[in-house]
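Student: What follows is the file data15.txt, containing compact mmCIF, C-alpha atoms:
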```
# COMPACT_ATOMS: atom_id res chain seq x y z
CA MET A 21 117.65 145.87 109.88
CA ASN A 22 116.42 142.58 111.32
CA ARG A 23 113.67 143.00 113.90
CA HIS A 24 112.71 140.22 116.21
CA VAL A 25 109.44 140.44 118.06
CA ILE A 26 109.33 138.64 121.35
CA ALA A 27 105.81 137.67 122.32
CA PHE A 28 105.37 137.41 126.08
CA PRO A 29 102.82 135.01 127.51
CA VAL A 30 99.46 136.69 128.08
CA ALA A 31 97.98 133.71 129.90
CA ARG A 32 98.71 130.17 130.97
CA ALA A 33 95.99 127.58 130.41
CA GLU A 34 95.64 124.27 132.16
CA VAL A 35 96.65 121.45 129.82
CA VAL A 36 93.86 118.87 129.55
CA GLN A 37 94.99 117.03 126.41
CA PRO A 38 98.70 117.63 125.72
CA GLY A 39 100.25 119.38 122.78
CA ALA A 40 101.35 122.70 121.39
CA ALA A 41 99.50 124.70 118.75
CA GLU A 42 99.52 127.83 116.67
CA GLY A 43 96.71 129.54 114.80
CA ARG A 44 94.28 132.41 114.50
CA VAL A 45 91.83 132.77 117.37
CA LEU A 46 88.12 132.27 116.85
CA LYS A 47 86.55 133.57 120.05
CA LEU A 48 83.04 132.34 120.81
CA PRO A 49 80.90 133.02 123.87
CA THR A 50 79.32 129.58 123.58
CA LEU A 51 79.46 126.61 121.22
CA SER A 52 77.72 123.29 120.81
CA PHE A 53 79.67 120.97 118.54
CA TRP A 54 76.55 118.86 118.02
CA GLY A 55 74.38 120.88 115.67
CA GLY A 56 76.76 123.84 115.77
CA VAL A 57 79.71 122.52 113.73
CA ASP A 58 79.52 120.66 110.43
CA PRO A 59 81.58 117.51 111.09
CA SER A 60 82.75 117.21 107.48
CA THR A 61 83.81 120.84 106.88
CA GLY A 62 84.37 122.38 110.31
CA ARG A 63 82.02 125.30 109.50
CA LEU A 64 79.86 126.83 112.22
CA THR A 65 76.30 125.97 111.23
CA ASP A 66 74.06 127.45 113.93
CA PRO A 67 72.61 130.61 112.33
CA ALA A 68 71.87 132.10 115.76
CA ALA A 69 75.44 131.65 117.00
CA ALA A 70 78.36 134.05 116.84
CA GLY A 71 80.67 133.31 113.94
CA HIS A 72 78.02 131.55 111.83
CA GLY A 73 79.64 130.34 108.59
CA GLU A 74 83.22 130.64 109.89
CA SER A 75 85.47 127.62 109.63
CA THR A 76 86.96 126.14 112.78
CA ALA A 77 89.57 124.21 110.77
CA GLY A 78 93.08 125.17 111.80
CA ARG A 79 91.82 127.84 114.20
CA VAL A 80 92.41 128.14 117.92
CA LEU A 81 88.90 127.97 119.35
CA LEU A 82 88.46 130.06 122.47
CA VAL A 83 85.06 129.06 123.86
CA ALA A 84 83.88 130.64 127.09
CA GLU A 85 80.97 128.27 127.67
CA PRO A 86 80.80 124.94 125.86
CA ARG A 87 77.29 123.55 125.46
CA GLY A 88 77.66 119.86 125.60
CA SER A 89 75.94 116.94 124.11
CA SER A 90 77.10 113.38 124.30
CA SER A 91 77.52 113.64 120.53
CA SER A 92 80.15 116.40 120.66
CA SER A 93 82.86 113.75 121.00
CA ALA A 94 81.65 112.14 117.75
CA VAL A 95 81.73 115.52 115.96
CA MET A 96 85.29 116.18 117.19
CA LEU A 97 86.36 112.68 116.21
CA GLU A 98 84.98 113.19 112.69
CA LEU A 99 86.67 116.61 112.38
CA LEU A 100 89.97 114.98 113.32
CA ARG A 101 89.41 112.09 110.90
CA VAL A 102 88.71 114.34 107.89
CA GLY A 103 91.43 116.90 108.71
CA GLN A 104 89.02 119.76 109.47
CA ALA A 105 89.63 120.04 113.22
CA PRO A 106 90.68 123.22 114.99
CA ALA A 107 94.39 123.60 115.78
CA ALA A 108 93.47 123.66 119.48
CA VAL A 109 90.49 124.23 121.76
CA ILE A 110 90.59 126.43 124.86
CA LEU A 111 87.48 126.14 127.03
CA GLY A 112 86.28 128.33 129.88
CA ARG A 113 85.21 125.15 131.64
CA ILE A 114 86.06 121.57 130.82
CA ASP A 115 83.73 119.53 128.64
CA ALA A 116 84.86 115.95 129.23
CA ILE A 117 82.74 114.63 126.37
CA LEU A 118 84.51 116.86 123.84
CA GLY A 119 87.88 115.74 125.20
CA LEU A 120 86.81 112.13 124.78
CA GLY A 121 86.72 112.60 120.99
CA ILE A 122 90.36 113.70 121.09
CA VAL A 123 91.35 110.73 123.25
CA VAL A 124 89.57 108.26 120.94
CA ALA A 125 91.32 109.79 117.89
CA ARG A 126 94.69 109.31 119.62
CA GLU A 127 93.84 105.69 120.45
CA MET A 128 92.92 105.09 116.80
CA GLY A 129 96.26 106.51 115.67
CA TRP A 130 94.75 109.63 114.08
CA PRO A 131 96.17 113.13 114.44
CA THR A 132 94.94 114.90 117.55
CA ILE A 133 94.81 118.41 118.91
CA PRO A 134 95.52 119.87 122.34
CA LEU A 135 92.72 120.83 124.70
CA TYR A 136 93.14 123.47 127.40
CA GLN A 137 91.08 125.07 130.13
CA LEU A 138 91.40 128.80 130.82
CA PRO A 139 89.16 130.77 133.18
CA VAL A 140 86.73 133.01 131.29
CA GLU A 141 88.20 136.14 132.91
CA ALA A 142 91.52 135.41 131.17
CA HIS A 143 89.83 135.11 127.75
CA GLU A 144 89.69 138.93 127.65
CA LYS A 145 93.49 139.03 127.28
CA ILE A 146 93.32 137.20 123.95
CA PRO A 147 91.84 139.23 121.06
CA ASP A 148 89.54 137.55 118.56
CA GLY A 149 91.32 137.09 115.24
CA SER A 150 94.79 137.36 116.76
CA ASP A 151 97.50 134.84 115.93
CA VAL A 152 98.60 132.88 118.98
CA ARG A 153 101.14 130.24 119.85
CA ILE A 154 100.39 127.86 122.71
CA GLY A 155 103.25 125.97 124.30
CA ALA A 156 103.06 122.42 125.58
CA ASP A 157 103.00 123.94 129.06
CA GLY A 158 99.82 125.92 128.24
CA SER A 159 101.53 129.30 127.90
CA ILE A 160 99.63 131.45 125.40
CA ARG A 161 101.46 134.10 123.40
CA VAL A 162 99.80 136.59 121.09
CA LEU A 163 102.05 136.97 118.05
```
Hey, can you dump this file as structure tokens for me?
Tutor:
Amino acid sequence: MNRHVIAFPVARAEVVQPGAAEGRVLKLPTLSFWGGVDPSTGRLTDPAAAGHGESTAGRVLLVAEPRGSSSSSAVMLELLRVGQAPAAVILGRIDAILGLGIVVAREMGWPTIPLYQLPVEAHEKIPDGSDVRIGADGSIRVL
């Protein structure tokens, strides 16, 4: 018997940088790309942070509170350049500097990723480690 599972949207994020994505969720309460992510491998490097040692490459990052630095755009740009970027980033609040790295990559003709904003309260609907599909309209489905 053929079974088809229909995944209903669990949330709808605001689209900041367009695109659709699919991947396994890596849920982090906070993240600083500068000093927290190795720009050549995508690994989380801050030993005090949740998920230390995990790779962000190909994952859907769900970050409640981004901790910004003006260098986070450079880290994202390098991750995109070397093919170690997340599949998508969903932030609890917008970090314009991080989004700038994605915009610069697009302007340079490199592959880019979508960026979304989703209120922190809605993050609870998306389990860590779950596989999700995000539509171009920001609809998030747990698969």
Student: Taking every listed atom of stretch 112-119 of chain A and adding 6 Å to each side, what centre and edge lengths in Å (one decimal) does the axis-aligned box have, as AutoDock Vina command-line options?
Tutor:
```
--center_x 85.3 --center_y 121.5 --center_z 127.7 --size_x 17.1 --size_y 25.7 --size_z 19.8
```
Student: So, with all atoms listed in the file as the atoms that count, which of A:Ala69, A:Ile117, A:Leu48, A:Ala108 lies closest to A:Ile154?
Tutor: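 Nearest candidate to A:Ile154 out of A:Ala69, A:Ile117, A:Leu48, A:Ala108: A:Ala108.
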Student: Taking (92.9, 121.2, 123.1) in the file's coordinates as the center, which residues reach within 12 Å of it, counting only C-alpha atoms, put as a compact mmCIF listing (two decimals) with C-alpha atoms, in the coordinates of the input?
Tutor:
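point_24.txt, freshly written:
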```
# COMPACT_ATOMS: atom_id res chain seq x y z
CA ALA A 33 95.99 127.58 130.41
CA GLU A 34 95.64 124.27 132.16
CA VAL A 35 96.65 121.45 129.82
CA VAL A 36 93.86 118.87 129.55
CA GLN A 37 94.99 117.03 126.41
CA PRO A 38 98.70 117.63 125.72
CA GLY A 39 100.25 119.38 122.78
CA ALA A 40 101.35 122.70 121.39
CA ALA A 41 99.50 124.70 118.75
CA GLU A 42 99.52 127.83 116.67
CA GLY A 78 93.08 125.17 111.80
CA ARG A 79 91.82 127.84 114.20
CA VAL A 80 92.41 128.14 117.92
CA LEU A 81 88.90 127.97 119.35
CA LEU A 82 88.46 130.06 122.47
CA VAL A 83 85.06 129.06 123.86
CA MET A 96 85.29 116.18 117.19
CA LEU A 100 89.97 114.98 113.32
CA ALA A 105 89.63 120.04 113.22
CA PRO A 106 90.68 123.22 114.99
CA ALA A 107 94.39 123.60 115.78
CA ALA A 108 93.47 123.66 119.48
CA VAL A 109 90.49 124.23 121.76
CA ILE A 110 90.59 126.43 124.86
CA LEU A 111 87.48 126.14 127.03
CA GLY A 112 86.28 128.33 129.88
CA ILE A 114 86.06 121.57 130.82
CA ASP A 115 83.73 119.53 128.64
CA ALA A 116 84.86 115.95 129.23
CA LEU A 118 84.51 116.86 123.84
CA GLY A 119 87.88 115.74 125.20
CA LEU A 120 86.81 112.13 124.78
CA GLY A 121 86.72 112.60 120.99
CA ILE A 122 90.36 113.70 121.09
CA VAL A 123 91.35 110.73 123.25
CA THR A 132 94.94 114.90 117.55
CA ILE A 133 94.81 118.41 118.91
CA PRO A 134 95.52 119.87 122.34
CA LEU A 135 92.72 120.83 124.70
CA TYR A 136 93.14 123.47 127.40
CA GLN A 137 91.08 125.07 130.13
CA LEU A 138 91.40 128.80 130.82
CA ILE A 154 100.39 127.86 122.71
CA GLY A 155 103.25 125.97 124.30
CA ALA A 156 103.06 122.42 125.58
CA GLY A 158 99.82 125.92 128.24
```
Student: Please produce, as JSON lines, a per-residue contact table for stretch 79-113 of chain A versus stretch 56-64 of chain A (criterion: any atom at most 6 Å away, all atoms listed in the file considered), showing the nearest atom pair and its distance in Å to one decimal, sorted by chain then residue number.
Tutor:
```
{"residue": "A:Val95", "atom": "CA", "partner": "A:Pro59", "partner_atom": "CA", "distance": 5.3}
{"residue": "A:Glu98", "atom": "CA", "partner": "A:Pro59", "partner_atom": "CA", "distance": 5.7}
{"residue": "A:Leu99", "atom": "CA", "partner": "A:Pro59", "partner_atom": "CA", "distance": 5.3}
{"residue": "A:Gln104", "atom": "CA", "partner": "A:Gly62", "partner_atom": "CA", "distance": 5.4}
```
Student: Work out how far apart atom CA of A:Val152 and atom CA of A:Ala70 are and give it in Å to one decimal.
Tutor: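 So the answer is 20.4 Å.
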Student: Could you please determine the separation between atom CA of A:Ser52 and atom CA of A:Ser92 in Å, to one decimal place?
Tutor: 7.3 Å
Student: Have a look at A:Ala94, A:Val124, A:Ala77, A:Ala31 and name the one nearest to A:Gly43; count all atoms listed in the file.
Tutor: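 Among A:Ala94, A:Val124, A:Ala77, A:Ala31, it is A:Ala77 that comes nearest to A:Gly43.
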Student: Taking all atoms listed in the file into account, which of A:Trp54, A:Val162, A:Ser91, A:Gly129 comes nearest A:Asp148?
Tutor: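 Closest candidate: A:Val162.
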Student: Using only C-alpha atoms, can you tell me which of A:Leu46, A:Val30, A:Val140, A:Ala125 comes closest to A:Leu97?
Tutor: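 Under the stated criterion, the closest residue is A:Ala125.
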Student: Can you work out which one of A:Pro147, A:Pro29, A:Gly55, A:Pro139 has the shortest atom-to-atom distance to A:Ser90, counting only C-alpha atoms?
Tutor: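 Among the listed residues, the smallest separation from A:Ser90 belongs to A:Gly55.
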Student: With distances taken over only C-alpha atoms, which of A:Asp66, A:Asp157, A:Glu127, A:Glu85 is nearest to A:Lys47?
Tutor: A:Glu85
Student: So what do you get for atom CA of A:Ser93 versus atom CA of A:Phe53, distance-wise?
Tutor: 8.3 Å
